[in-house]
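Structure, as structure tokens:
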Amino acid sequence: MPQPICQSCGMPMQKSEDFGKNADGSASAEYCRYCFQNGKYTVDMTLEQFIEKNVEIAKSKLGMSEADARAMATSVIPNLKRWKKLGN
Ligand SMILES: [Zn+2]
């Protein structure tokens, strides 16, 4: 079985606490705890804003270069379920 990744930000979800929570308190199978709590997205952003945020995180937390971080974010994020249905 492939490792699940968050369908909002692309983060790999390994431990049960990495998963978000549905409105009924059960674990979300699709979204991480940073993106999804109580059945709702924790952040309400456009795809462009979300990519910018993730570029900043990749640079500061992962030490990636601006170009690498942007290449990763723009290739991964628009293909995730949360953003696909916007018709991008
Ligand atoms: Zn996420």
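So you can find residues: chains in the structure tokens are A, B, ... in the order shown, residues in each start at 1, and ligands are numbered from 1 in order.
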Please produce, as a tab-separated table, a per-residue contact table for chain A versus ligand 1 (criterion: any atom at most 6 Å away, only C-alpha atoms and all ligand atoms considered), showing the nearest atom pair and its distance in Å to one decimal, sorted by chain then residue number.
```
residue	atom	partner	partner_atom_place_in_ligand_line	distance
A:Cys6	CA	ligand 1	1 (Zn)	4.6
A:Ser8	CA	ligand 1	1 (Zn)	4.9
A:Cys9	CA	ligand 1	1 (Zn)	4.1
A:Met11	CA	ligand 1	1 (Zn)	5.7
A:Tyr31	CA	ligand 1	1 (Zn)	5.4
A:Cys32	CA	ligand 1	1 (Zn)	4.2
A:Tyr34	CA	ligand 1	1 (Zn)	5.3
A:Cys35	CA	ligand 1	1 (Zn)	4.3
```
**Report entry** Contacts of range 44-58 of chain A at 9 Å (only C-alpha atoms; same-chain gap of 3+ positions) as a list in words
**Finding:**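 Answer for this query is Cys9, Tyr41, Lys61, Leu62, Gly63, Met64, Ser65, Glu66, Asp68, Ala69, Arg70, Ala71, Met72, Ala73, Thr74, Ile77, Pro78, Trp83, Leu86 and Asn88 of chain A.
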Query raised in the report: DSSP on the backbone: what in chain A comes out strand (DSSP E or B), as a ChimeraX atom specification?
Result: /A:5,12,19-21,27-32,36-37,40-41
Take the residues just selected and output them with C-alpha atoms as a compact mmCIF listing (two decimals), in the first residue's frame.
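Result saved to part33.txt:
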```
# COMPACT_ATOMS: atom_id res chain seq x y z
CA ILE A 5 0.10 11.84 1.68
CA PRO A 12 3.51 12.14 4.13
CA PHE A 19 -3.87 12.58 10.27
CA GLY A 20 -6.51 15.29 10.53
CA LYS A 21 -9.87 14.86 12.21
CA ALA A 27 -9.32 10.32 11.64
CA SER A 28 -9.35 11.77 8.15
CA ALA A 29 -7.92 9.36 5.60
CA GLU A 30 -6.95 12.15 3.24
CA TYR A 31 -5.74 15.20 5.14
CA CYS A 32 -3.04 15.91 7.72
CA PHE A 36 -7.80 19.58 8.50
CA GLN A 37 -9.45 19.65 11.94
CA LYS A 40 -12.82 21.68 8.15
CA TYR A 41 -9.68 23.02 6.52
```
Query - d(CA of Pro4 in chain A, CA of Asn79 in chain A) in Å - result: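 CA of Pro4 in chain A sits 14.3 Å away from CA of Asn79 in chain A.
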Report task. Name the residues of chain A that come out as helix (DSSP H, G or I) in a backbone DSSP run; write them as a PyMOL selection string. Result -> chain A and resi 16-18+47-62+66-79+81-84
Export of prior selection with N, CA and C atoms as an mmCIF file, in the first residue's frame:
```cif
data_model
loop_
_atom_site.group_PDB
_atom_site.id
_atom_site.type_symbol
_atom_site.label_atom_id
_atom_site.label_comp_id
_atom_site.auth_asym_id
_atom_site.auth_seq_id
_atom_site.Cartn_x
_atom_site.Cartn_y
_atom_site.Cartn_z
ATOM 1 N N SER A 16 -0.511 7.846 13.407
ATOM 2 C CA SER A 16 -1.932 8.162 13.492
ATOM 3 C C SER A 16 -2.149 9.627 13.854
ATOM 4 N N GLU A 17 -1.221 10.212 14.628
ATOM 5 C CA GLU A 17 -1.418 11.616 14.995
ATOM 6 C C GLU A 17 -1.127 12.590 13.854
ATOM 7 N N ASP A 18 -0.567 12.090 12.759
ATOM 8 C CA ASP A 18 -0.334 12.958 11.606
ATOM 9 C C ASP A 18 -1.619 13.267 10.852
ATOM 10 N N LEU A 47 -5.095 28.524 -4.107
ATOM 11 C CA LEU A 47 -3.976 27.660 -4.484
ATOM 12 C C LEU A 47 -2.667 28.449 -4.529
ATOM 13 N N GLU A 48 -2.715 29.652 -5.074
ATOM 14 C CA GLU A 48 -1.500 30.460 -5.187
ATOM 15 C C GLU A 48 -0.939 30.812 -3.811
ATOM 16 N N GLN A 49 -1.818 31.195 -2.881
ATOM 17 C CA GLN A 49 -1.375 31.526 -1.525
ATOM 18 C C GLN A 49 -0.799 30.304 -0.837
ATOM 19 N N PHE A 50 -1.437 29.171 -1.062
ATOM 20 C CA PHE A 50 -0.985 27.940 -0.423
ATOM 21 C C PHE A 50 0.394 27.533 -0.933
ATOM 22 N N ILE A 51 0.626 27.684 -2.228
ATOM 23 C CA ILE A 51 1.940 27.375 -2.796
ATOM 24 C C ILE A 51 3.000 28.298 -2.185
ATOM 25 N N GLU A 52 2.694 29.598 -2.084
ATOM 26 C CA GLU A 52 3.655 30.533 -1.499
ATOM 27 C C GLU A 52 4.018 30.128 -0.069
ATOM 28 N N LYS A 53 3.007 29.747 0.714
ATOM 29 C CA LYS A 53 3.232 29.349 2.086
ATOM 30 C C LYS A 53 4.136 28.112 2.144
ATOM 31 N N ASN A 54 3.860 27.155 1.276
ATOM 32 C CA ASN A 54 4.647 25.927 1.284
ATOM 33 C C ASN A 54 6.077 26.145 0.801
ATOM 34 N N VAL A 55 6.264 27.093 -0.109
ATOM 35 C CA VAL A 55 7.630 27.438 -0.541
ATOM 36 C C VAL A 55 8.411 27.981 0.658
ATOM 37 N N GLU A 56 7.756 28.844 1.439
ATOM 38 C CA GLU A 56 8.419 29.400 2.627
ATOM 39 C C GLU A 56 8.767 28.301 3.633
ATOM 40 N N ILE A 57 7.836 27.366 3.850
ATOM 41 C CA ILE A 57 8.077 26.279 4.802
ATOM 42 C C ILE A 57 9.222 25.389 4.316
ATOM 43 N N ALA A 58 9.210 25.051 3.027
ATOM 44 C CA ALA A 58 10.256 24.175 2.491
ATOM 45 C C ALA A 58 11.628 24.832 2.617
ATOM 46 N N LYS A 59 11.669 26.146 2.422
ATOM 47 C CA LYS A 59 12.952 26.857 2.543
ATOM 48 C C LYS A 59 13.417 26.892 3.992
ATOM 49 N N SER A 60 12.516 27.234 4.902
ATOM 50 C CA SER A 60 12.937 27.421 6.289
ATOM 51 C C SER A 60 13.092 26.106 7.046
ATOM 52 N N LYS A 61 12.178 25.158 6.807
ATOM 53 C CA LYS A 61 12.224 23.907 7.574
ATOM 54 C C LYS A 61 13.090 22.850 6.924
ATOM 55 N N LEU A 62 13.076 22.790 5.598
ATOM 56 C CA LEU A 62 13.814 21.734 4.898
ATOM 57 C C LEU A 62 15.122 22.236 4.308
ATOM 58 N N GLU A 66 15.083 28.381 -3.046
ATOM 59 C CA GLU A 66 13.842 28.968 -3.577
ATOM 60 C C GLU A 66 13.382 28.216 -4.830
ATOM 61 N N ALA A 67 14.303 27.969 -5.754
ATOM 62 C CA ALA A 67 13.940 27.325 -7.021
ATOM 63 C C ALA A 67 13.454 25.899 -6.798
ATOM 64 N N ASP A 68 14.144 25.142 -5.939
ATOM 65 C CA ASP A 68 13.743 23.758 -5.678
ATOM 66 C C ASP A 68 12.402 23.715 -4.956
ATOM 67 N N ALA A 69 12.254 24.592 -3.968
ATOM 68 C CA ALA A 69 11.018 24.617 -3.195
ATOM 69 C C ALA A 69 9.834 24.959 -4.093
ATOM 70 N N ARG A 70 10.027 25.920 -4.972
ATOM 71 C CA ARG A 70 8.950 26.336 -5.864
ATOM 72 C C ARG A 70 8.628 25.241 -6.881
ATOM 73 N N ALA A 71 9.665 24.583 -7.393
ATOM 74 C CA ALA A 71 9.449 23.509 -8.364
ATOM 75 C C ALA A 71 8.655 22.375 -7.721
ATOM 76 N N MET A 72 8.989 22.048 -6.483
ATOM 77 C CA MET A 72 8.292 20.974 -5.786
ATOM 78 C C MET A 72 6.834 21.370 -5.526
ATOM 79 N N ALA A 73 6.642 22.553 -4.971
ATOM 80 C CA ALA A 73 5.287 22.981 -4.611
ATOM 81 C C ALA A 73 4.387 23.079 -5.835
ATOM 82 N N THR A 74 4.899 23.628 -6.920
ATOM 83 C CA THR A 74 4.048 23.824 -8.093
ATOM 84 C C THR A 74 3.798 22.526 -8.850
ATOM 85 N N SER A 75 4.639 21.509 -8.650
ATOM 86 C CA SER A 75 4.385 20.232 -9.323
ATOM 87 C C SER A 75 3.494 19.322 -8.495
ATOM 88 N N VAL A 76 3.600 19.415 -7.158
ATOM 89 C CA VAL A 76 2.860 18.490 -6.291
ATOM 90 C C VAL A 76 1.478 19.028 -5.924
ATOM 91 N N ILE A 77 1.424 20.233 -5.419
ATOM 92 C CA ILE A 77 0.198 20.735 -4.787
ATOM 93 C C ILE A 77 -1.005 20.831 -5.733
ATOM 94 N N PRO A 78 -0.845 21.356 -6.955
ATOM 95 C CA PRO A 78 -2.041 21.466 -7.806
ATOM 96 C C PRO A 78 -2.654 20.120 -8.175
ATOM 97 N N ASN A 79 -1.911 19.030 -8.013
ATOM 98 C CA ASN A 79 -2.440 17.705 -8.350
ATOM 99 C C ASN A 79 -3.099 17.009 -7.174
ATOM 100 N N LYS A 81 -5.955 16.351 -4.239
ATOM 101 C CA LYS A 81 -7.415 16.345 -4.360
ATOM 102 C C LYS A 81 -8.075 17.679 -3.983
ATOM 103 N N ARG A 82 -7.558 18.314 -2.935
ATOM 104 C CA ARG A 82 -8.191 19.555 -2.481
ATOM 105 C C ARG A 82 -8.212 20.606 -3.574
ATOM 106 N N TRP A 83 -7.151 20.673 -4.367
ATOM 107 C CA TRP A 83 -6.993 21.756 -5.330
ATOM 108 C C TRP A 83 -7.476 21.361 -6.718
ATOM 109 N N LYS A 84 -7.426 20.083 -7.027
ATOM 110 C CA LYS A 84 -7.850 19.597 -8.346
ATOM 111 C C LYS A 84 -9.278 19.967 -8.658
#
```
